[in-house]
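Source file: data-v7.cif; contents: mmCIF, N, CA and C atoms and all ligand atoms.
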```cif
data_upload
#
loop_
_atom_site.group_PDB
_atom_site.id
_atom_site.type_symbol
_atom_site.label_atom_id
_atom_site.label_comp_id
_atom_site.auth_asym_id
_atom_site.auth_seq_id
_atom_site.Cartn_x
_atom_site.Cartn_y
_atom_site.Cartn_z
ATOM 1 N N MET A 8 3.213 -21.031 24.839
ATOM 2 C CA MET A 8 3.312 -20.638 26.248
ATOM 3 C C MET A 8 2.109 -21.173 27.001
ATOM 4 N N VAL A 9 2.385 -21.766 28.148
ATOM 5 C CA VAL A 9 1.296 -22.285 28.977
ATOM 6 C C VAL A 9 1.005 -21.295 30.096
ATOM 7 N N ILE A 10 -0.216 -20.847 30.162
ATOM 8 C CA ILE A 10 -0.618 -19.949 31.248
ATOM 9 C C ILE A 10 -1.318 -20.777 32.314
ATOM 10 N N PRO A 11 -0.723 -20.827 33.505
ATOM 11 C CA PRO A 11 -1.354 -21.642 34.556
ATOM 12 C C PRO A 11 -2.762 -21.135 34.865
ATOM 13 N N VAL A 12 -3.650 -22.062 35.080
ATOM 14 C CA VAL A 12 -5.007 -21.680 35.452
ATOM 15 C C VAL A 12 -4.942 -20.861 36.743
ATOM 16 N N GLY A 13 -5.576 -19.746 36.785
ATOM 17 C CA GLY A 13 -5.544 -18.914 37.984
ATOM 18 C C GLY A 13 -4.730 -17.650 37.780
ATOM 19 N N THR A 14 -3.838 -17.628 36.797
ATOM 20 C CA THR A 14 -3.015 -16.441 36.585
ATOM 21 C C THR A 14 -3.868 -15.255 36.126
ATOM 22 N N ILE A 15 -4.695 -15.493 35.151
ATOM 23 C CA ILE A 15 -5.575 -14.414 34.692
ATOM 24 C C ILE A 15 -7.020 -14.689 35.076
ATOM 25 N N GLY A 16 -7.219 -15.737 35.874
ATOM 26 C CA GLY A 16 -8.573 -16.023 36.310
ATOM 27 C C GLY A 16 -9.417 -16.581 35.186
ATOM 28 N N SER A 17 -10.685 -16.497 35.339
ATOM 29 C CA SER A 17 -11.607 -17.062 34.359
ATOM 30 C C SER A 17 -11.680 -16.187 33.122
ATOM 31 N N TRP A 18 -12.214 -16.738 32.073
ATOM 32 C CA TRP A 18 -12.461 -15.977 30.846
ATOM 33 C C TRP A 18 -13.372 -14.795 31.151
ATOM 34 N N THR A 19 -14.358 -15.033 31.989
ATOM 35 C CA THR A 19 -15.266 -13.949 32.358
ATOM 36 C C THR A 19 -14.518 -12.831 33.068
ATOM 37 N N GLY A 20 -13.573 -13.235 33.941
ATOM 38 C CA GLY A 20 -12.761 -12.239 34.635
ATOM 39 C C GLY A 20 -11.924 -11.436 33.661
ATOM 40 N N TRP A 21 -11.385 -12.111 32.677
ATOM 41 C CA TRP A 21 -10.588 -11.426 31.655
ATOM 42 C C TRP A 21 -11.461 -10.438 30.890
ATOM 43 N N LEU A 22 -12.672 -10.858 30.529
ATOM 44 C CA LEU A 22 -13.586 -9.969 29.800
ATOM 45 C C LEU A 22 -13.933 -8.745 30.635
ATOM 46 N N GLN A 23 -14.134 -8.972 31.940
ATOM 47 C CA GLN A 23 -14.457 -7.843 32.813
ATOM 48 C C GLN A 23 -13.302 -6.856 32.873
ATOM 49 N N PHE A 24 -12.065 -7.411 32.864
ATOM 50 C CA PHE A 24 -10.881 -6.565 32.835
ATOM 51 C C PHE A 24 -10.824 -5.787 31.518
ATOM 52 N N ALA A 25 -11.031 -6.487 30.416
ATOM 53 C CA ALA A 25 -10.965 -5.844 29.095
ATOM 54 C C ALA A 25 -12.019 -4.752 28.977
ATOM 55 N N GLU A 26 -13.173 -4.971 29.595
ATOM 56 C CA GLU A 26 -14.251 -3.982 29.506
ATOM 57 C C GLU A 26 -13.922 -2.691 30.241
ATOM 58 N N LYS A 27 -12.964 -2.755 31.190
ATOM 59 C CA LYS A 27 -12.654 -1.559 31.968
ATOM 60 C C LYS A 27 -11.572 -0.701 31.325
ATOM 61 N N LEU A 28 -10.922 -1.234 30.299
ATOM 62 C CA LEU A 28 -9.917 -0.436 29.598
ATOM 63 C C LEU A 28 -10.599 0.649 28.772
ATOM 64 N N ASP A 29 -9.846 1.690 28.478
ATOM 65 C CA ASP A 29 -10.365 2.738 27.606
ATOM 66 C C ASP A 29 -9.999 2.441 26.155
ATOM 67 N N TYR A 30 -10.962 2.533 25.301
ATOM 68 C CA TYR A 30 -10.741 2.318 23.879
ATOM 69 C C TYR A 30 -11.097 3.592 23.123
ATOM 70 N N PRO A 31 -10.267 3.963 22.166
ATOM 71 C CA PRO A 31 -10.626 5.137 21.375
ATOM 72 C C PRO A 31 -11.783 4.812 20.431
ATOM 73 N N CYS A 32 -12.553 5.818 20.128
ATOM 74 C CA CYS A 32 -13.610 5.680 19.130
ATOM 75 C C CYS A 32 -12.984 5.279 17.798
ATOM 76 N N LYS A 33 -13.675 4.426 17.050
ATOM 77 C CA LYS A 33 -13.103 3.999 15.771
ATOM 78 C C LYS A 33 -13.079 5.143 14.760
ATOM 79 N N ASN A 34 -13.732 6.250 15.088
ATOM 80 C CA ASN A 34 -13.694 7.417 14.209
ATOM 81 C C ASN A 34 -12.640 8.429 14.658
ATOM 82 N N ALA A 35 -11.701 7.970 15.488
ATOM 83 C CA ALA A 35 -10.653 8.870 15.994
ATOM 84 C C ALA A 35 -9.901 9.538 14.840
ATOM 85 N N HIS A 36 -9.688 8.797 13.760
ATOM 86 C CA HIS A 36 -8.954 9.372 12.623
ATOM 87 C C HIS A 36 -9.768 10.449 11.910
ATOM 88 N N LEU A 37 -11.056 10.524 12.215
ATOM 89 C CA LEU A 37 -11.900 11.565 11.624
ATOM 90 C C LEU A 37 -12.011 12.773 12.542
ATOM 91 N N GLY A 38 -11.432 12.658 13.753
ATOM 92 C CA GLY A 38 -11.429 13.797 14.659
ATOM 93 C C GLY A 38 -12.129 13.561 15.980
ATOM 94 N N CYS A 39 -12.742 12.389 16.176
ATOM 95 C CA CYS A 39 -13.398 12.109 17.450
ATOM 96 C C CYS A 39 -12.338 11.827 18.506
ATOM 97 N N GLU A 40 -12.378 12.543 19.632
ATOM 98 C CA GLU A 40 -11.358 12.390 20.663
ATOM 99 C C GLU A 40 -11.857 11.592 21.858
ATOM 100 N N SER A 41 -13.021 11.006 21.742
ATOM 101 C CA SER A 41 -13.610 10.300 22.871
ATOM 102 C C SER A 41 -12.981 8.928 23.062
ATOM 103 N N THR A 42 -12.873 8.487 24.326
ATOM 104 C CA THR A 42 -12.501 7.113 24.631
ATOM 105 C C THR A 42 -13.554 6.532 25.556
ATOM 106 N N PHE A 43 -13.686 5.212 25.510
ATOM 107 C CA PHE A 43 -14.783 4.560 26.205
ATOM 108 C C PHE A 43 -14.374 3.214 26.741
ATOM 109 N N MET A 44 -15.101 2.756 27.756
ATOM 110 C CA MET A 44 -15.036 1.360 28.106
ATOM 111 C C MET A 44 -15.771 0.594 27.002
ATOM 112 N N LEU A 45 -15.414 -0.669 26.879
ATOM 113 C CA LEU A 45 -15.847 -1.440 25.717
ATOM 114 C C LEU A 45 -17.357 -1.395 25.488
ATOM 115 N N LYS A 46 -18.127 -1.567 26.553
ATOM 116 C CA LYS A 46 -19.571 -1.661 26.363
ATOM 117 C C LYS A 46 -20.172 -0.309 25.941
ATOM 118 N N ASP A 47 -19.519 0.790 26.342
ATOM 119 C CA ASP A 47 -20.027 2.108 25.962
ATOM 120 C C ASP A 47 -19.557 2.512 24.568
ATOM 121 N N LYS A 48 -18.453 1.918 24.149
ATOM 122 C CA LYS A 48 -17.853 2.276 22.864
ATOM 123 C C LYS A 48 -18.814 1.976 21.711
ATOM 124 N N GLU A 49 -19.426 0.801 21.744
ATOM 125 C CA GLU A 49 -20.319 0.437 20.644
ATOM 126 C C GLU A 49 -21.530 1.364 20.601
ATOM 127 N N ASP A 50 -22.049 1.697 21.793
ATOM 128 C CA ASP A 50 -23.185 2.621 21.839
ATOM 129 C C ASP A 50 -22.799 3.960 21.235
ATOM 130 N N HIS A 51 -21.609 4.421 21.629
ATOM 131 C CA HIS A 51 -21.158 5.713 21.123
ATOM 132 C C HIS A 51 -20.957 5.667 19.616
ATOM 133 N N GLU A 52 -20.288 4.633 19.129
ATOM 134 C CA GLU A 52 -19.953 4.581 17.708
ATOM 135 C C GLU A 52 -21.199 4.529 16.829
ATOM 136 N N ALA A 53 -22.262 3.941 17.368
ATOM 137 C CA ALA A 53 -23.510 3.904 16.610
ATOM 138 C C ALA A 53 -24.097 5.297 16.437
ATOM 139 N N ASN A 54 -23.699 6.218 17.309
ATOM 140 C CA ASN A 54 -24.254 7.572 17.277
ATOM 141 C C ASN A 54 -23.174 8.642 17.187
ATOM 142 N N CYS A 55 -21.959 8.243 16.913
ATOM 143 C CA CYS A 55 -20.839 9.184 16.918
ATOM 144 C C CYS A 55 -21.059 10.282 15.883
ATOM 145 N N ALA A 56 -20.826 11.524 16.309
ATOM 146 C CA ALA A 56 -21.030 12.664 15.424
ATOM 147 C C ALA A 56 -20.017 12.661 14.278
ATOM 148 N N PHE A 57 -18.957 11.849 14.410
ATOM 149 C CA PHE A 57 -17.930 11.815 13.366
ATOM 150 C C PHE A 57 -18.105 10.619 12.428
ATOM 151 N N ARG A 58 -19.137 9.842 12.662
ATOM 152 C CA ARG A 58 -19.388 8.708 11.797
ATOM 153 C C ARG A 58 -19.850 9.214 10.434
ATOM 154 N N PHE A 59 -19.446 8.481 9.415
ATOM 155 C CA PHE A 59 -19.727 8.904 8.058
ATOM 156 C C PHE A 59 -20.855 8.055 7.486
ATOM 157 N N TYR A 60 -21.822 8.705 6.895
ATOM 158 C CA TYR A 60 -22.993 7.987 6.400
ATOM 159 C C TYR A 60 -23.250 8.242 4.927
ATOM 160 N N LYS A 61 -23.920 7.291 4.333
ATOM 161 C CA LYS A 61 -24.406 7.455 2.973
ATOM 162 C C LYS A 61 -25.899 7.145 2.982
ATOM 163 N N CYS A 62 -26.662 8.015 2.361
ATOM 164 C CA CYS A 62 -28.100 7.801 2.242
ATOM 165 C C CYS A 62 -28.357 6.725 1.192
ATOM 166 N N ILE A 63 -29.294 5.796 1.492
ATOM 167 C CA ILE A 63 -29.583 4.764 0.490
ATOM 168 C C ILE A 63 -30.672 5.223 -0.480
ATOM 169 N N LEU A 64 -31.262 6.392 -0.208
ATOM 170 C CA LEU A 64 -32.349 6.879 -1.061
ATOM 171 C C LEU A 64 -31.853 7.834 -2.137
ATOM 172 N N CYS A 65 -30.654 8.352 -1.974
ATOM 173 C CA CYS A 65 -30.101 9.315 -2.902
ATOM 174 C C CYS A 65 -28.578 9.287 -2.755
ATOM 175 N N PRO A 66 -27.836 10.019 -3.557
ATOM 176 C CA PRO A 66 -26.362 9.935 -3.487
ATOM 177 C C PRO A 66 -25.733 10.697 -2.321
ATOM 178 N N TRP A 67 -26.526 11.224 -1.423
ATOM 179 C CA TRP A 67 -25.997 12.026 -0.327
ATOM 180 C C TRP A 67 -25.038 11.239 0.564
ATOM 181 N N LYS A 68 -23.945 11.903 0.992
ATOM 182 C CA LYS A 68 -23.029 11.357 1.997
ATOM 183 C C LYS A 68 -22.711 12.454 2.990
ATOM 184 N N GLY A 69 -22.473 12.088 4.241
ATOM 185 C CA GLY A 69 -22.098 13.115 5.201
ATOM 186 C C GLY A 69 -21.927 12.548 6.593
ATOM 187 N N LEU A 70 -21.663 13.439 7.549
ATOM 188 C CA LEU A 70 -21.476 13.050 8.937
ATOM 189 C C LEU A 70 -22.813 12.754 9.592
ATOM 190 N N HIS A 71 -22.722 12.010 10.704
ATOM 191 C CA HIS A 71 -23.927 11.610 11.416
ATOM 192 C C HIS A 71 -24.809 12.796 11.769
ATOM 193 N N ARG A 72 -24.181 13.897 12.221
ATOM 194 C CA ARG A 72 -24.981 15.036 12.673
ATOM 195 C C ARG A 72 -25.714 15.712 11.522
ATOM 196 N N GLU A 73 -25.275 15.443 10.286
ATOM 197 C CA GLU A 73 -25.945 16.033 9.123
ATOM 198 C C GLU A 73 -26.999 15.107 8.553
ATOM 199 N N LEU A 74 -27.023 13.888 9.080
ATOM 200 C CA LEU A 74 -27.886 12.853 8.517
ATOM 201 C C LEU A 74 -29.370 13.151 8.709
ATOM 202 N N LEU A 75 -29.741 13.428 9.952
ATOM 203 C CA LEU A 75 -31.160 13.661 10.236
ATOM 204 C C LEU A 75 -31.691 14.889 9.488
ATOM 205 N N PRO A 76 -30.945 16.013 9.525
ATOM 206 C CA PRO A 76 -31.410 17.160 8.725
ATOM 207 C C PRO A 76 -31.600 16.804 7.249
ATOM 208 N N HIS A 77 -30.715 15.985 6.716
ATOM 209 C CA HIS A 77 -30.857 15.573 5.320
ATOM 210 C C HIS A 77 -32.135 14.778 5.109
ATOM 211 N N LEU A 78 -32.363 13.796 5.974
ATOM 212 C CA LEU A 78 -33.543 12.939 5.817
ATOM 213 C C LEU A 78 -34.828 13.757 5.975
ATOM 214 N N MET A 79 -34.823 14.675 6.937
ATOM 215 C CA MET A 79 -36.027 15.469 7.183
ATOM 216 C C MET A 79 -36.313 16.398 6.003
ATOM 217 N N ARG A 80 -35.258 16.902 5.413
ATOM 218 C CA ARG A 80 -35.430 17.857 4.330
ATOM 219 C C ARG A 80 -35.765 17.157 3.012
ATOM 220 N N ASP A 81 -34.998 16.090 2.699
ATOM 221 C CA ASP A 81 -35.122 15.474 1.384
ATOM 222 C C ASP A 81 -36.052 14.264 1.348
ATOM 223 N N HIS A 82 -36.257 13.623 2.496
ATOM 224 C CA HIS A 82 -37.118 12.439 2.534
ATOM 225 C C HIS A 82 -38.046 12.523 3.739
ATOM 226 N N PRO A 83 -38.843 13.577 3.819
ATOM 227 C CA PRO A 83 -39.603 13.833 5.057
ATOM 228 C C PRO A 83 -40.574 12.709 5.414
ATOM 229 N N GLY A 84 -41.035 11.944 4.457
ATOM 230 C CA GLY A 84 -41.980 10.880 4.769
ATOM 231 C C GLY A 84 -41.328 9.639 5.342
ATOM 232 N N LYS A 85 -39.980 9.612 5.404
ATOM 233 C CA LYS A 85 -39.269 8.378 5.760
ATOM 234 C C LYS A 85 -38.766 8.360 7.184
ATOM 235 N N VAL A 86 -38.892 9.453 7.920
ATOM 236 C CA VAL A 86 -38.236 9.533 9.225
ATOM 237 C C VAL A 86 -39.221 9.533 10.385
ATOM 238 N N GLY A 87 -40.375 8.954 10.188
ATOM 239 C CA GLY A 87 -41.383 8.987 11.240
ATOM 240 C C GLY A 87 -41.203 7.954 12.331
ATOM 241 N N HIS A 88 -40.235 7.040 12.186
ATOM 242 C CA HIS A 88 -40.167 5.921 13.115
ATOM 243 C C HIS A 88 -38.894 5.889 13.947
ATOM 244 N N GLY A 89 -38.238 7.020 14.059
ATOM 245 C CA GLY A 89 -37.134 7.116 15.006
ATOM 246 C C GLY A 89 -35.808 6.618 14.462
ATOM 247 N N ALA A 90 -34.872 6.449 15.406
ATOM 248 C CA ALA A 90 -33.476 6.179 15.050
ATOM 249 C C ALA A 90 -33.313 4.879 14.269
ATOM 250 N N GLU A 91 -34.085 3.856 14.627
ATOM 251 C CA GLU A 91 -33.933 2.580 13.930
ATOM 252 C C GLU A 91 -34.263 2.736 12.456
ATOM 253 N N GLN A 92 -35.291 3.510 12.194
ATOM 254 C CA GLN A 92 -35.693 3.767 10.814
ATOM 255 C C GLN A 92 -34.596 4.516 10.076
ATOM 256 N N VAL A 93 -34.026 5.512 10.757
ATOM 257 C CA VAL A 93 -32.951 6.287 10.137
ATOM 258 C C VAL A 93 -31.786 5.367 9.800
ATOM 259 N N ARG A 94 -31.431 4.474 10.723
ATOM 260 C CA ARG A 94 -30.314 3.564 10.501
ATOM 261 C C ARG A 94 -30.578 2.649 9.315
ATOM 262 N N SER A 95 -31.827 2.229 9.160
ATOM 263 C CA SER A 95 -32.140 1.317 8.075
ATOM 264 C C SER A 95 -32.091 2.020 6.722
ATOM 265 N N LEU A 96 -32.110 3.343 6.736
ATOM 266 C CA LEU A 96 -32.096 4.113 5.494
ATOM 267 C C LEU A 96 -30.703 4.562 5.096
ATOM 268 N N THR A 97 -29.739 4.275 5.947
ATOM 269 C CA THR A 97 -28.407 4.788 5.694
ATOM 270 C C THR A 97 -27.373 3.695 5.902
ATOM 271 N N ALA A 98 -26.221 3.887 5.347
ATOM 272 C CA ALA A 98 -25.121 2.957 5.537
ATOM 273 C C ALA A 98 -23.941 3.751 6.051
ATOM 274 N N ALA A 99 -23.246 3.190 7.030
ATOM 275 C CA ALA A 99 -22.112 3.902 7.607
ATOM 276 C C ALA A 99 -20.870 3.700 6.748
ATOM 277 N N TYR A 100 -20.128 4.749 6.573
ATOM 278 C CA TYR A 100 -18.880 4.695 5.824
ATOM 279 C C TYR A 100 -17.730 5.079 6.728
ATOM 280 N N CYS A 101 -16.585 4.519 6.468
ATOM 281 C CA CYS A 101 -15.399 4.995 7.168
ATOM 282 C C CYS A 101 -14.941 6.295 6.511
ATOM 283 N N GLY A 102 -13.927 6.924 7.072
ATOM 284 C CA GLY A 102 -13.488 8.217 6.571
ATOM 285 C C GLY A 102 -12.920 8.174 5.175
ATOM 286 N N HIS A 103 -12.633 6.974 4.673
ATOM 287 C CA HIS A 103 -12.076 6.868 3.335
ATOM 288 C C HIS A 103 -13.157 6.556 2.307
ATOM 289 N N GLY A 104 -14.412 6.568 2.736
ATOM 290 C CA GLY A 104 -15.505 6.328 1.811
ATOM 291 C C GLY A 104 -15.832 4.863 1.601
ATOM 292 N N HIS A 105 -15.224 3.973 2.425
ATOM 293 C CA HIS A 105 -15.540 2.565 2.300
ATOM 294 C C HIS A 105 -16.713 2.215 3.200
ATOM 295 N N LEU A 106 -17.555 1.352 2.722
ATOM 296 C CA LEU A 106 -18.688 0.901 3.519
ATOM 297 C C LEU A 106 -18.168 0.091 4.701
ATOM 298 N N VAL A 107 -18.684 0.388 5.910
ATOM 299 C CA VAL A 107 -18.261 -0.372 7.102
ATOM 300 C C VAL A 107 -19.450 -1.119 7.701
HETATM 301 ZN ZN ZN A 201 -16.695 8.912 18.185
HETATM 302 ZN ZN ZN A 202 -31.135 11.047 0.833
#
```
Could you render the structure as structure tokens?
Ligand SMILES: [Zn+2]
Ligand SMILES: [Zn+2]
Amino acid sequence: MVIPVGTIGSWTGWLQFAEKLDYPCKNAHLGCESTFMLKDKEDHEANCAFRFYKCILCPWKGLHRELLPHLMRDHPGKVGHGAEQVRSLTAAYCGHGHLV
């Protein structure tokens, strides 16, 4: 199919359109009911309370909201440098236990 130039405008215009749509959180199957515009979705998913994490320092697994309490309790010397440090110590899992 040939789309005449001008029908959907520029690629940038298309991206701007796509960014205004609502997208469900990728953790929707875990119970997150939030929807977002594209640029906000990634920010949210990085901090979604329904995201599943695994600690790289021990066998612990759990939801994002349980992550910080775990690190503070079990690895108190490792959490002095904020969220980036926490992220580097953990790996996100999908709801089926697969690394994402
Ligand atoms: Zn979410
Ligand atoms: Zn741990």
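Shortest separation to ligand ZN 201 (chain A) among A:His36, A:Lys46, A:His82, A:His77 occurs at residue A:His36, atoms counted being only C-alpha atoms and all ligand atoms.
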- [ ] Just say which residues the PyMOL selection byres (((not hetatm) and name CA) within 12 of (chain A and resi 202)) picks in this file, as a list in words.
- [x]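 Selected by the PyMOL selection byres (((not hetatm) and name CA) within 12 of (chain A and resi 202)) in this file: Tyr60, Lys61, Cys62, Ile63, Leu64, Cys65, Pro66, Trp67, Lys68, Gly69, Glu73, Leu74, Leu75, Pro76, His77, Leu78, Met79, Arg80, Asp81, His82, Pro83, Gly84, Lys85, Val86, Val93, Leu96, Thr97 and Ala98 of chain A.
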Suppose we keep N, CA and C atoms; can you now write the selection as a PDB file, keeping the file's coordinate frame?
```
ATOM      1  N   TYR A  60     -21.822   8.705   6.895  1.00  0.00           N
ATOM      2  CA  TYR A  60     -22.993   7.987   6.400  1.00  0.00           C
ATOM      3  C   TYR A  60     -23.250   8.242   4.927  1.00  0.00           C
ATOM      4  N   LYS A  61     -23.920   7.291   4.333  1.00  0.00           N
ATOM      5  CA  LYS A  61     -24.406   7.455   2.973  1.00  0.00           C
ATOM      6  C   LYS A  61     -25.899   7.145   2.982  1.00  0.00           C
ATOM      7  N   CYS A  62     -26.662   8.015   2.361  1.00  0.00           N
ATOM      8  CA  CYS A  62     -28.100   7.801   2.242  1.00  0.00           C
ATOM      9  C   CYS A  62     -28.357   6.725   1.192  1.00  0.00           C
ATOM     10  N   ILE A  63     -29.294   5.796   1.492  1.00  0.00           N
ATOM     11  CA  ILE A  63     -29.583   4.764   0.490  1.00  0.00           C
ATOM     12  C   ILE A  63     -30.672   5.223  -0.480  1.00  0.00           C
ATOM     13  N   LEU A  64     -31.262   6.392  -0.208  1.00  0.00           N
ATOM     14  CA  LEU A  64     -32.349   6.879  -1.061  1.00  0.00           C
ATOM     15  C   LEU A  64     -31.853   7.834  -2.137  1.00  0.00           C
ATOM     16  N   CYS A  65     -30.654   8.352  -1.974  1.00  0.00           N
ATOM     17  CA  CYS A  65     -30.101   9.315  -2.902  1.00  0.00           C
ATOM     18  C   CYS A  65     -28.578   9.287  -2.755  1.00  0.00           C
ATOM     19  N   PRO A  66     -27.836  10.019  -3.557  1.00  0.00           N
ATOM     20  CA  PRO A  66     -26.362   9.935  -3.487  1.00  0.00           C
ATOM     21  C   PRO A  66     -25.733  10.697  -2.321  1.00  0.00           C
ATOM     22  N   TRP A  67     -26.526  11.224  -1.423  1.00  0.00           N
ATOM     23  CA  TRP A  67     -25.997  12.026  -0.327  1.00  0.00           C
ATOM     24  C   TRP A  67     -25.038  11.239   0.564  1.00  0.00           C
ATOM     25  N   LYS A  68     -23.945  11.903   0.992  1.00  0.00           N
ATOM     26  CA  LYS A  68     -23.029  11.357   1.997  1.00  0.00           C
ATOM     27  C   LYS A  68     -22.711  12.454   2.990  1.00  0.00           C
ATOM     28  N   GLY A  69     -22.473  12.088   4.241  1.00  0.00           N
ATOM     29  CA  GLY A  69     -22.098  13.115   5.201  1.00  0.00           C
ATOM     30  C   GLY A  69     -21.927  12.548   6.593  1.00  0.00           C
ATOM     31  N   GLU A  73     -25.275  15.443  10.286  1.00  0.00           N
ATOM     32  CA  GLU A  73     -25.945  16.033   9.123  1.00  0.00           C
ATOM     33  C   GLU A  73     -26.999  15.107   8.553  1.00  0.00           C
ATOM     34  N   LEU A  74     -27.023  13.888   9.080  1.00  0.00           N
ATOM     35  CA  LEU A  74     -27.886  12.853   8.517  1.00  0.00           C
ATOM     36  C   LEU A  74     -29.370  13.151   8.709  1.00  0.00           C
ATOM     37  N   LEU A  75     -29.741  13.428   9.952  1.00  0.00           N
ATOM     38  CA  LEU A  75     -31.160  13.661  10.236  1.00  0.00           C
ATOM     39  C   LEU A  75     -31.691  14.889   9.488  1.00  0.00           C
ATOM     40  N   PRO A  76     -30.945  16.013   9.525  1.00  0.00           N
ATOM     41  CA  PRO A  76     -31.410  17.160   8.725  1.00  0.00           C
ATOM     42  C   PRO A  76     -31.600  16.804   7.249  1.00  0.00           C
ATOM     43  N   HIS A  77     -30.715  15.985   6.716  1.00  0.00           N
ATOM     44  CA  HIS A  77     -30.857  15.573   5.320  1.00  0.00           C
ATOM     45  C   HIS A  77     -32.135  14.778   5.109  1.00  0.00           C
ATOM     46  N   LEU A  78     -32.363  13.796   5.974  1.00  0.00           N
ATOM     47  CA  LEU A  78     -33.543  12.939   5.817  1.00  0.00           C
ATOM     48  C   LEU A  78     -34.828  13.757   5.975  1.00  0.00           C
ATOM     49  N   MET A  79     -34.823  14.675   6.937  1.00  0.00           N
ATOM     50  CA  MET A  79     -36.027  15.469   7.183  1.00  0.00           C
ATOM     51  C   MET A  79     -36.313  16.398   6.003  1.00  0.00           C
ATOM     52  N   ARG A  80     -35.258  16.902   5.413  1.00  0.00           N
ATOM     53  CA  ARG A  80     -35.430  17.857   4.330  1.00  0.00           C
ATOM     54  C   ARG A  80     -35.765  17.157   3.012  1.00  0.00           C
ATOM     55  N   ASP A  81     -34.998  16.090   2.699  1.00  0.00           N
ATOM     56  CA  ASP A  81     -35.122  15.474   1.384  1.00  0.00           C
ATOM     57  C   ASP A  81     -36.052  14.264   1.348  1.00  0.00           C
ATOM     58  N   HIS A  82     -36.257  13.623   2.496  1.00  0.00           N
ATOM     59  CA  HIS A  82     -37.118  12.439   2.534  1.00  0.00           C
ATOM     60  C   HIS A  82     -38.046  12.523   3.739  1.00  0.00           C
ATOM     61  N   PRO A  83     -38.843  13.577   3.819  1.00  0.00           N
ATOM     62  CA  PRO A  83     -39.603  13.833   5.057  1.00  0.00           C
ATOM     63  C   PRO A  83     -40.574  12.709   5.414  1.00  0.00           C
ATOM     64  N   GLY A  84     -41.035  11.944   4.457  1.00  0.00           N
ATOM     65  CA  GLY A  84     -41.980  10.880   4.769  1.00  0.00           C
ATOM     66  C   GLY A  84     -41.328   9.639   5.342  1.00  0.00           C
ATOM     67  N   LYS A  85     -39.980   9.612   5.404  1.00  0.00           N
ATOM     68  CA  LYS A  85     -39.269   8.378   5.760  1.00  0.00           C
ATOM     69  C   LYS A  85     -38.766   8.360   7.184  1.00  0.00           C
ATOM     70  N   VAL A  86     -38.892   9.453   7.920  1.00  0.00           N
ATOM     71  CA  VAL A  86     -38.236   9.533   9.225  1.00  0.00           C
ATOM     72  C   VAL A  86     -39.221   9.533  10.385  1.00  0.00           C
ATOM     73  N   VAL A  93     -34.026   5.512  10.757  1.00  0.00           N
ATOM     74  CA  VAL A  93     -32.951   6.287  10.137  1.00  0.00           C
ATOM     75  C   VAL A  93     -31.786   5.367   9.800  1.00  0.00           C
ATOM     76  N   LEU A  96     -32.110   3.343   6.736  1.00  0.00           N
ATOM     77  CA  LEU A  96     -32.096   4.113   5.494  1.00  0.00           C
ATOM     78  C   LEU A  96     -30.703   4.562   5.096  1.00  0.00           C
ATOM     79  N   THR A  97     -29.739   4.275   5.947  1.00  0.00           N
ATOM     80  CA  THR A  97     -28.407   4.788   5.694  1.00  0.00           C
ATOM     81  C   THR A  97     -27.373   3.695   5.902  1.00  0.00           C
ATOM     82  N   ALA A  98     -26.221   3.887   5.347  1.00  0.00           N
ATOM     83  CA  ALA A  98     -25.121   2.957   5.537  1.00  0.00           C
ATOM     84  C   ALA A  98     -23.941   3.751   6.051  1.00  0.00           C
TER      85      ALA A  98
END
```
Open item on the list: I'd like the neighbourhood of region 37-41 of chain A as a ChimeraX atom specification, where a residue qualifies if any of its atoms comes within 6.5 Å (using only N, CA and C atoms), though same-chain residues fewer than 4 positions away should be ignored.
Closed with: /A:30-33,57,102
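Atom N of Ala53 (chain A) is found 26.0 Å from CA of Trp18 (chain A).
You can rank A:Asn34, A:Thr42, A:Asp47, A:Thr19 by their closest distance to Phe59 (chain A) using all atoms listed in the file, and at the top of that list sits A:Asn34.
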TODO: Kindly give the distance, in Å, that separates atom N of Arg58 (chain A) and CA of Leu22 (chain A), rounded to a single decimal.
DONE: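 We find that atom N of Arg58 (chain A) and CA of Leu22 (chain A) lie 26.8 Å from each other.
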Backbone-only DSSP, strand (DSSP E or B) members of region 48-89 of chain A, as a short mmCIF file (atom, residue, chain, number, x, y, z; two decimals) with N, CA and C atoms, keeping the file's coordinate frame:
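Just written: states-v2.cif:
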```cif
data_model
loop_
_atom_site.label_atom_id
_atom_site.label_comp_id
_atom_site.auth_asym_id
_atom_site.auth_seq_id
_atom_site.Cartn_x
_atom_site.Cartn_y
_atom_site.Cartn_z
N PHE A 59 -19.45 8.48 9.41
CA PHE A 59 -19.73 8.90 8.06
C PHE A 59 -20.86 8.06 7.49
N TYR A 60 -21.82 8.70 6.90
CA TYR A 60 -22.99 7.99 6.40
C TYR A 60 -23.25 8.24 4.93
N LYS A 61 -23.92 7.29 4.33
CA LYS A 61 -24.41 7.46 2.97
C LYS A 61 -25.90 7.14 2.98
N CYS A 62 -26.66 8.02 2.36
CA CYS A 62 -28.10 7.80 2.24
C CYS A 62 -28.36 6.72 1.19
N LYS A 68 -23.94 11.90 0.99
CA LYS A 68 -23.03 11.36 2.00
C LYS A 68 -22.71 12.45 2.99
N GLY A 69 -22.47 12.09 4.24
CA GLY A 69 -22.10 13.12 5.20
C GLY A 69 -21.93 12.55 6.59
N LEU A 70 -21.66 13.44 7.55
CA LEU A 70 -21.48 13.05 8.94
C LEU A 70 -22.81 12.75 9.59
#
```
TODO: Between CA of Asn54 (chain A) and CA of Gly20 (chain A), measure the distance and give it in Å to one decimal.
DONE: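 Taking CA of Asn54 (chain A) and CA of Gly20 (chain A), their separation equals 28.7 Å.
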Task: Nearest-residue call for ligand ZN 201 (chain A), choices A:Asp50, A:Cys55, A:Ala25, A:Met44, using only N, CA and C atoms and all ligand atoms - done: A:Cys55
